[in-house]
$ cat model_2.cif   # mmCIF, C-alpha atoms
data_model
#
loop_
_atom_site.group_PDB
_atom_site.id
_atom_site.type_symbol
_atom_site.label_atom_id
_atom_site.label_comp_id
_atom_site.auth_asym_id
_atom_site.auth_seq_id
_atom_site.Cartn_x
_atom_site.Cartn_y
_atom_site.Cartn_z
ATOM 1 C CA MET E 25 -14.352 13.951 30.867
ATOM 2 C CA PRO E 26 -16.489 12.393 28.103
ATOM 3 C CA SER E 27 -17.521 8.790 28.397
ATOM 4 C CA ALA E 28 -16.341 6.156 25.944
ATOM 5 C CA THR E 29 -19.849 5.985 24.538
ATOM 6 C CA ALA E 30 -20.294 9.744 24.106
ATOM 7 C CA PRO E 31 -20.873 10.810 20.502
ATOM 8 C CA THR E 32 -17.895 12.358 18.780
ATOM 9 C CA THR E 33 -17.993 15.839 17.359
ATOM 10 C CA ARG E 34 -18.143 15.800 13.595
ATOM 11 C CA CYS E 35 -16.128 18.162 11.489
ATOM 12 C CA ALA E 36 -17.005 17.502 7.883
ATOM 13 C CA SER E 37 -16.386 19.239 4.608
ATOM 14 C CA PRO E 38 -17.163 18.138 1.058
ATOM 15 C CA ALA E 39 -14.392 16.006 -0.408
ATOM 16 C CA ARG E 40 -14.805 17.629 -3.818
ATOM 17 C CA SER E 41 -13.665 20.970 -2.369
ATOM 18 C CA SER E 42 -10.681 19.584 -0.455
ATOM 19 C CA PRO E 43 -7.304 20.824 -1.699
ATOM 20 C CA ALA E 44 -5.644 17.532 -0.633
ATOM 21 C CA LYS E 45 -3.484 15.975 -3.320
ATOM 22 C CA VAL E 46 -2.631 12.864 -1.320
ATOM 23 C CA ILE E 47 -4.720 10.741 1.012
ATOM 24 C CA GLY E 48 -2.370 9.150 3.510
ATOM 25 C CA GLU E 49 -2.332 5.735 5.113
ATOM 26 C CA GLY E 50 -5.307 5.299 7.410
ATOM 27 C CA ALA E 51 -7.066 8.368 6.048
ATOM 28 C CA ASN E 52 -9.847 6.175 4.698
ATOM 29 C CA LEU E 53 -11.175 6.260 8.258
ATOM 30 C CA GLY E 54 -11.608 9.990 7.831
ATOM 31 C CA MET E 55 -13.585 9.783 4.591
ATOM 32 C CA THR E 56 -17.012 8.388 3.951
ATOM 33 C CA GLN E 57 -17.647 6.252 0.878
ATOM 34 C CA ARG E 58 -19.426 9.226 -0.676
ATOM 35 C CA GLY E 59 -16.395 11.389 0.123
ATOM 36 C CA ARG E 60 -14.052 8.921 -1.588
ATOM 37 C CA ILE E 61 -16.261 8.940 -4.674
ATOM 38 C CA GLU E 62 -16.400 12.753 -4.719
ATOM 39 C CA ALA E 63 -12.637 13.000 -4.286
ATOM 40 C CA ALA E 64 -12.021 10.490 -7.082
ATOM 41 C CA GLN E 65 -14.338 12.398 -9.410
ATOM 42 C CA ALA E 66 -12.622 15.695 -8.613
ATOM 43 C CA ARG E 67 -9.057 14.422 -9.110
ATOM 44 C CA PRO E 68 -7.112 11.181 -9.648
ATOM 45 C CA ALA E 69 -8.299 8.307 -7.488
ATOM 46 C CA PRO E 70 -6.747 7.965 -4.019
ATOM 47 C CA GLN E 71 -3.959 5.408 -4.017
ATOM 48 C CA HIS E 72 -3.657 4.659 -0.304
ATOM 49 C CA ARG E 73 -5.442 1.315 -0.481
ATOM 50 C CA ARG E 74 -3.512 0.196 -3.540
ATOM 51 C CA HIS E 75 -0.207 1.004 -1.893
ATOM 52 C CA ARG E 76 -1.089 -0.848 1.294
ATOM 53 C CA GLN E 77 -2.110 -3.907 -0.743
ATOM 54 C CA LEU E 78 1.076 -3.741 -2.821
ATOM 55 C CA ARG E 79 3.166 -3.797 0.371
ATOM 56 C CA ARG E 80 1.295 -6.791 1.743
ATOM 57 C CA VAL E 81 1.556 -8.770 -1.477
ATOM 58 C CA ASN E 82 5.214 -7.870 -2.012
ATOM 59 C CA THR E 83 6.177 -8.770 1.558
ATOM 60 C CA SER E 84 4.394 -12.104 1.258
ATOM 61 C CA ASP E 85 6.008 -12.810 -2.131
ATOM 62 C CA VAL E 86 9.504 -12.154 -0.808
ATOM 63 C CA GLU E 87 8.881 -14.290 2.278
ATOM 64 C CA VAL E 88 7.495 -17.174 0.231
ATOM 65 C CA ASN E 89 10.369 -16.985 -2.264
ATOM 66 C CA LEU E 90 12.938 -17.107 0.540
ATOM 67 C CA LYS E 91 11.221 -20.104 2.128
ATOM 68 C CA ILE E 92 11.081 -21.868 -1.251
ATOM 69 C CA ALA E 93 14.781 -21.173 -1.795
ATOM 70 C CA LEU E 94 15.585 -22.683 1.600
ATOM 71 C CA ALA E 95 13.278 -25.713 1.228
ATOM 72 C CA VAL E 96 15.789 -27.936 -0.588
ATOM 73 C CA PRO E 97 18.651 -27.284 1.870
ATOM 74 C CA MET E 98 16.216 -28.053 4.706
ATOM 75 C CA ARG E 99 14.995 -31.225 3.017
ATOM 76 C CA ASP E 100 18.601 -32.335 2.374
ATOM 77 C CA GLY E 101 19.492 -31.701 6.009
ATOM 78 C CA ARG E 102 21.994 -28.946 5.185
ATOM 79 C CA ILE E 103 20.052 -26.446 7.290
ATOM 80 C CA SER E 104 17.707 -27.024 10.233
ATOM 81 C CA ARG E 105 14.347 -25.280 10.633
ATOM 82 C CA GLU E 106 15.817 -23.352 13.558
ATOM 83 C CA ALA E 107 18.784 -22.198 11.444
ATOM 84 C CA ARG E 108 16.433 -21.244 8.608
ATOM 85 C CA ASN E 109 14.269 -19.214 10.984
ATOM 86 C CA THR E 110 17.355 -17.509 12.424
ATOM 87 C CA LEU E 111 18.498 -16.641 8.896
ATOM 88 C CA LEU E 112 15.052 -15.308 7.946
ATOM 89 C CA HIS E 113 14.988 -13.210 11.105
ATOM 90 C CA ALA E 114 18.452 -11.827 10.332
ATOM 91 C CA MET E 115 17.216 -10.808 6.868
ATOM 92 C CA THR E 116 14.257 -8.783 8.196
ATOM 93 C CA GLU E 117 15.831 -5.356 7.629
ATOM 94 C CA ASP E 118 17.043 -6.287 4.131
ATOM 95 C CA VAL E 119 13.624 -7.656 3.198
ATOM 96 C CA ALA E 120 11.930 -4.518 4.545
ATOM 97 C CA ALA E 121 14.257 -2.301 2.481
ATOM 98 C CA LEU E 122 13.598 -4.393 -0.633
ATOM 99 C CA VAL E 123 9.830 -4.271 -0.121
ATOM 100 C CA LEU E 124 9.895 -0.496 0.444
ATOM 101 C CA ARG E 125 11.956 0.016 -2.723
ATOM 102 C CA ASN E 126 9.664 -2.252 -4.741
ATOM 103 C CA ASN E 127 6.623 -0.467 -3.343
ATOM 104 C CA TYR E 128 8.066 2.940 -4.207
ATOM 105 C CA GLN E 129 8.773 1.800 -7.766
ATOM 106 C CA GLN E 130 5.313 0.226 -8.147
ATOM 107 C CA SER E 131 3.630 3.360 -6.792
ATOM 108 C CA LEU E 132 5.653 5.524 -9.156
ATOM 109 C CA ALA E 133 4.736 3.272 -12.079
ATOM 110 C CA LEU E 134 1.028 3.531 -11.169
ATOM 111 C CA SER E 135 1.211 7.303 -10.880
ATOM 112 C CA LEU E 136 3.015 7.659 -14.200
ATOM 113 C CA ALA E 137 0.555 5.314 -15.909
ATOM 114 C CA GLU E 138 -2.364 7.329 -14.527
ATOM 115 C CA ARG E 139 -0.773 10.557 -15.713
ATOM 116 C CA ARG E 140 -0.194 9.134 -19.205
ATOM 117 C CA GLY E 141 -3.735 7.772 -19.241
ATOM 118 C CA SER E 142 -5.303 11.083 -18.270
ATOM 119 C CA ARG E 143 -3.231 12.918 -20.918
ATOM 120 C CA THR E 144 -4.219 10.357 -23.534
ATOM 121 C CA SER E 145 -7.896 10.672 -22.560
ATOM 122 C CA ALA E 146 -7.737 14.465 -22.643
ATOM 123 C CA SER E 147 -6.050 14.581 -26.044
ATOM 124 C CA SER E 148 -8.354 11.986 -27.601
ATOM 125 C CA SER E 149 -11.530 13.649 -26.301
ATOM 126 C CA GLY E 150 -10.658 17.065 -27.758
#
$ encode --input "model_2.cif" --output "C-alpha cells"
Amino acid sequence: MPSATAPTTRCASPARSSPAKVIGEGANLGMTQRGRIEAAQARPAPQHRRHRQLRRVNTSDVEVNLKIALAVPMRDGRISREARNTLLHAMTEDVAALVLRNNYQQSLALSLAERRGSRTSASSSG
C-alpha cells in the first residue's frame, strides 16, 4: 500500500492533441497551465471556470435579492428573522432550479457568442 507521501504516477499527453470538446467541472486539476493554453489555442477556450463563476454570482444575486425583498417586512415587524430564514430555507429548491436555468441560458449565450465571433473572425480574415 503506497504511503500518503508517495509520488503519484503521471499520465500526461499534450493538450493540443486531445480530442476533448468539453473540459468538465474540476478538470482544471488535471491540466497544467501550459495544457490550458495549448487547449485554448487548439480550439475554443475551456468554459468550466466561467460557468462555475456564473453559478456563484447568480446564486449570490438571487439570495441578496430575496433578502432585500424581505427587509421591509422584517423592519415593519410583519415577519421575524426566524420566519424569514424558514421561508428562505423552504425556497432552496426553487432557487437552485432558477440558478441552474439561468446558468444554462448564460452558458448557451456565451457559446453562441463565441461561435458567432469565430465565424466573424474567419470571414473577415479571408
$ atom_distance --input "model_2.cif" --atom1 "CA of Pro38 in chain E" --atom2 "CA of Ala137 in chain E"
27.7 Å
$ atom_distance --input "model_2.cif" --atom1 "CA of Thr110 in chain E" --atom2 "CA of Val81 in chain E"
22.8 Å
$ residues_around --input "model_2.cif" --residues "Ala121 in chain E" --least-positions-apart "6" --cutoff "12 Å" --atoms "only C-alpha atoms" --output "ChimeraX atom specification"
/E:79,82-83,86,115,127-128
$ residues_around --input "model_2.cif" --residues "Lys91 in chain E" --least-positions-apart "6" --cutoff "10 Å" --atoms "all atoms listed in the file" --output "VMD selection string"
chain E and resid 85 98 108 to 109 112
$ atom_distance --input "model_2.cif" --atom1 "CA of His113 in chain E" --atom2 "CA of Gly101 in chain E"
19.7 Å
$ closest_residue --input "model_2.cif" --among "E:Leu124, E:Val96, E:Ile61, E:Leu90" --to "Leu111 in chain E" --atoms "only C-alpha atoms"
E:Leu90
$ axis_aligned_box --input "model_2.cif" --around "range 113-131 of chain E" --padding-each-side "5 Å" --output "JSON"
{"center_x": 11.0, "center_y": -4.9, "center_z": 1.5, "size_x": 24.8, "size_y": 26.6, "size_z": 29.3}
$ closest_residue --input "model_2.cif" --among "E:Ser131, E:Val119, E:Thr56, E:Ser41" --to "Val88 in chain E" --atoms "all atoms listed in the file"
E:Val119
$ decode --input "model_2.cif" --residues "range 110-136 of chain E" --atoms "N, CA and C atoms" --output "tab-separated table (two decimals), in the first residue's frame"
chain	number	residue	atom	x	y	z
E	110	THR	N	-36.81	30.63	7.70
E	110	THR	CA	-37.60	29.44	7.37
E	110	THR	C	-38.10	29.54	5.92
E	111	LEU	N	-38.57	30.71	5.54
E	111	LEU	CA	-39.03	30.93	4.16
E	111	LEU	C	-37.89	30.75	3.17
E	112	LEU	N	-36.74	31.34	3.46
E	112	LEU	CA	-35.58	31.20	2.57
E	112	LEU	C	-35.18	29.73	2.43
E	113	HIS	N	-35.20	29.02	3.54
E	113	HIS	CA	-34.86	27.60	3.51
E	113	HIS	C	-35.86	26.82	2.65
E	114	ALA	N	-37.13	27.15	2.78
E	114	ALA	CA	-38.17	26.48	2.01
E	114	ALA	C	-38.04	26.76	0.51
E	115	MET	N	-37.39	27.85	0.15
E	115	MET	CA	-37.24	28.24	-1.25
E	115	MET	C	-35.97	27.66	-1.88
E	116	THR	N	-35.19	26.90	-1.13
E	116	THR	CA	-33.90	26.41	-1.62
E	116	THR	C	-34.00	25.69	-2.95
E	117	GLU	N	-34.93	24.76	-3.09
E	117	GLU	CA	-35.06	24.00	-4.33
E	117	GLU	C	-35.45	24.90	-5.50
E	118	ASP	N	-36.37	25.84	-5.24
E	118	ASP	CA	-36.79	26.77	-6.31
E	118	ASP	C	-35.64	27.67	-6.74
E	119	VAL	N	-34.88	28.15	-5.77
E	119	VAL	CA	-33.72	29.00	-6.08
E	119	VAL	C	-32.69	28.20	-6.88
E	120	ALA	N	-32.43	26.96	-6.47
E	120	ALA	CA	-31.48	26.12	-7.18
E	120	ALA	C	-31.92	25.91	-8.63
E	121	ALA	N	-33.20	25.64	-8.84
E	121	ALA	CA	-33.72	25.44	-10.20
E	121	ALA	C	-33.57	26.72	-11.02
E	122	LEU	N	-33.86	27.86	-10.42
E	122	LEU	CA	-33.72	29.14	-11.11
E	122	LEU	C	-32.27	29.41	-11.49
E	123	VAL	N	-31.36	29.17	-10.56
E	123	VAL	CA	-29.94	29.39	-10.81
E	123	VAL	C	-29.44	28.46	-11.92
E	124	LEU	N	-29.84	27.19	-11.88
E	124	LEU	CA	-29.43	26.25	-12.92
E	124	LEU	C	-29.96	26.68	-14.29
E	125	ARG	N	-31.20	27.13	-14.34
E	125	ARG	CA	-31.77	27.59	-15.62
E	125	ARG	C	-31.03	28.83	-16.10
E	126	ASN	N	-30.80	29.78	-15.21
E	126	ASN	CA	-30.06	30.99	-15.60
E	126	ASN	C	-28.66	30.63	-16.08
E	127	ASN	N	-28.02	29.71	-15.37
E	127	ASN	CA	-26.66	29.31	-15.75
E	127	ASN	C	-26.65	28.64	-17.12
E	128	TYR	N	-27.63	27.78	-17.37
E	128	TYR	CA	-27.73	27.13	-18.68
E	128	TYR	C	-27.88	28.18	-19.78
E	129	GLN	N	-28.77	29.15	-19.55
E	129	GLN	CA	-29.01	30.18	-20.56
E	129	GLN	C	-27.77	31.06	-20.75
E	130	GLN	N	-27.08	31.40	-19.67
E	130	GLN	CA	-25.86	32.20	-19.78
E	130	GLN	C	-24.76	31.44	-20.51
E	131	SER	N	-24.63	30.15	-20.21
E	131	SER	CA	-23.62	29.32	-20.88
E	131	SER	C	-23.93	29.20	-22.36
E	132	LEU	N	-25.19	29.02	-22.69
E	132	LEU	CA	-25.61	28.94	-24.08
E	132	LEU	C	-25.31	30.25	-24.80
E	133	ALA	N	-25.63	31.36	-24.14
E	133	ALA	CA	-25.36	32.67	-24.74
E	133	ALA	C	-23.86	32.86	-25.00
E	134	LEU	N	-23.02	32.44	-24.05
E	134	LEU	CA	-21.56	32.55	-24.24
E	134	LEU	C	-21.09	31.69	-25.41
E	135	SER	N	-21.60	30.47	-25.48
E	135	SER	CA	-21.21	29.57	-26.55
E	135	SER	C	-21.63	30.11	-27.91
E	136	LEU	N	-22.85	30.62	-27.99
E	136	LEU	CA	-23.33	31.17	-29.26
E	136	LEU	C	-22.54	32.43	-29.65
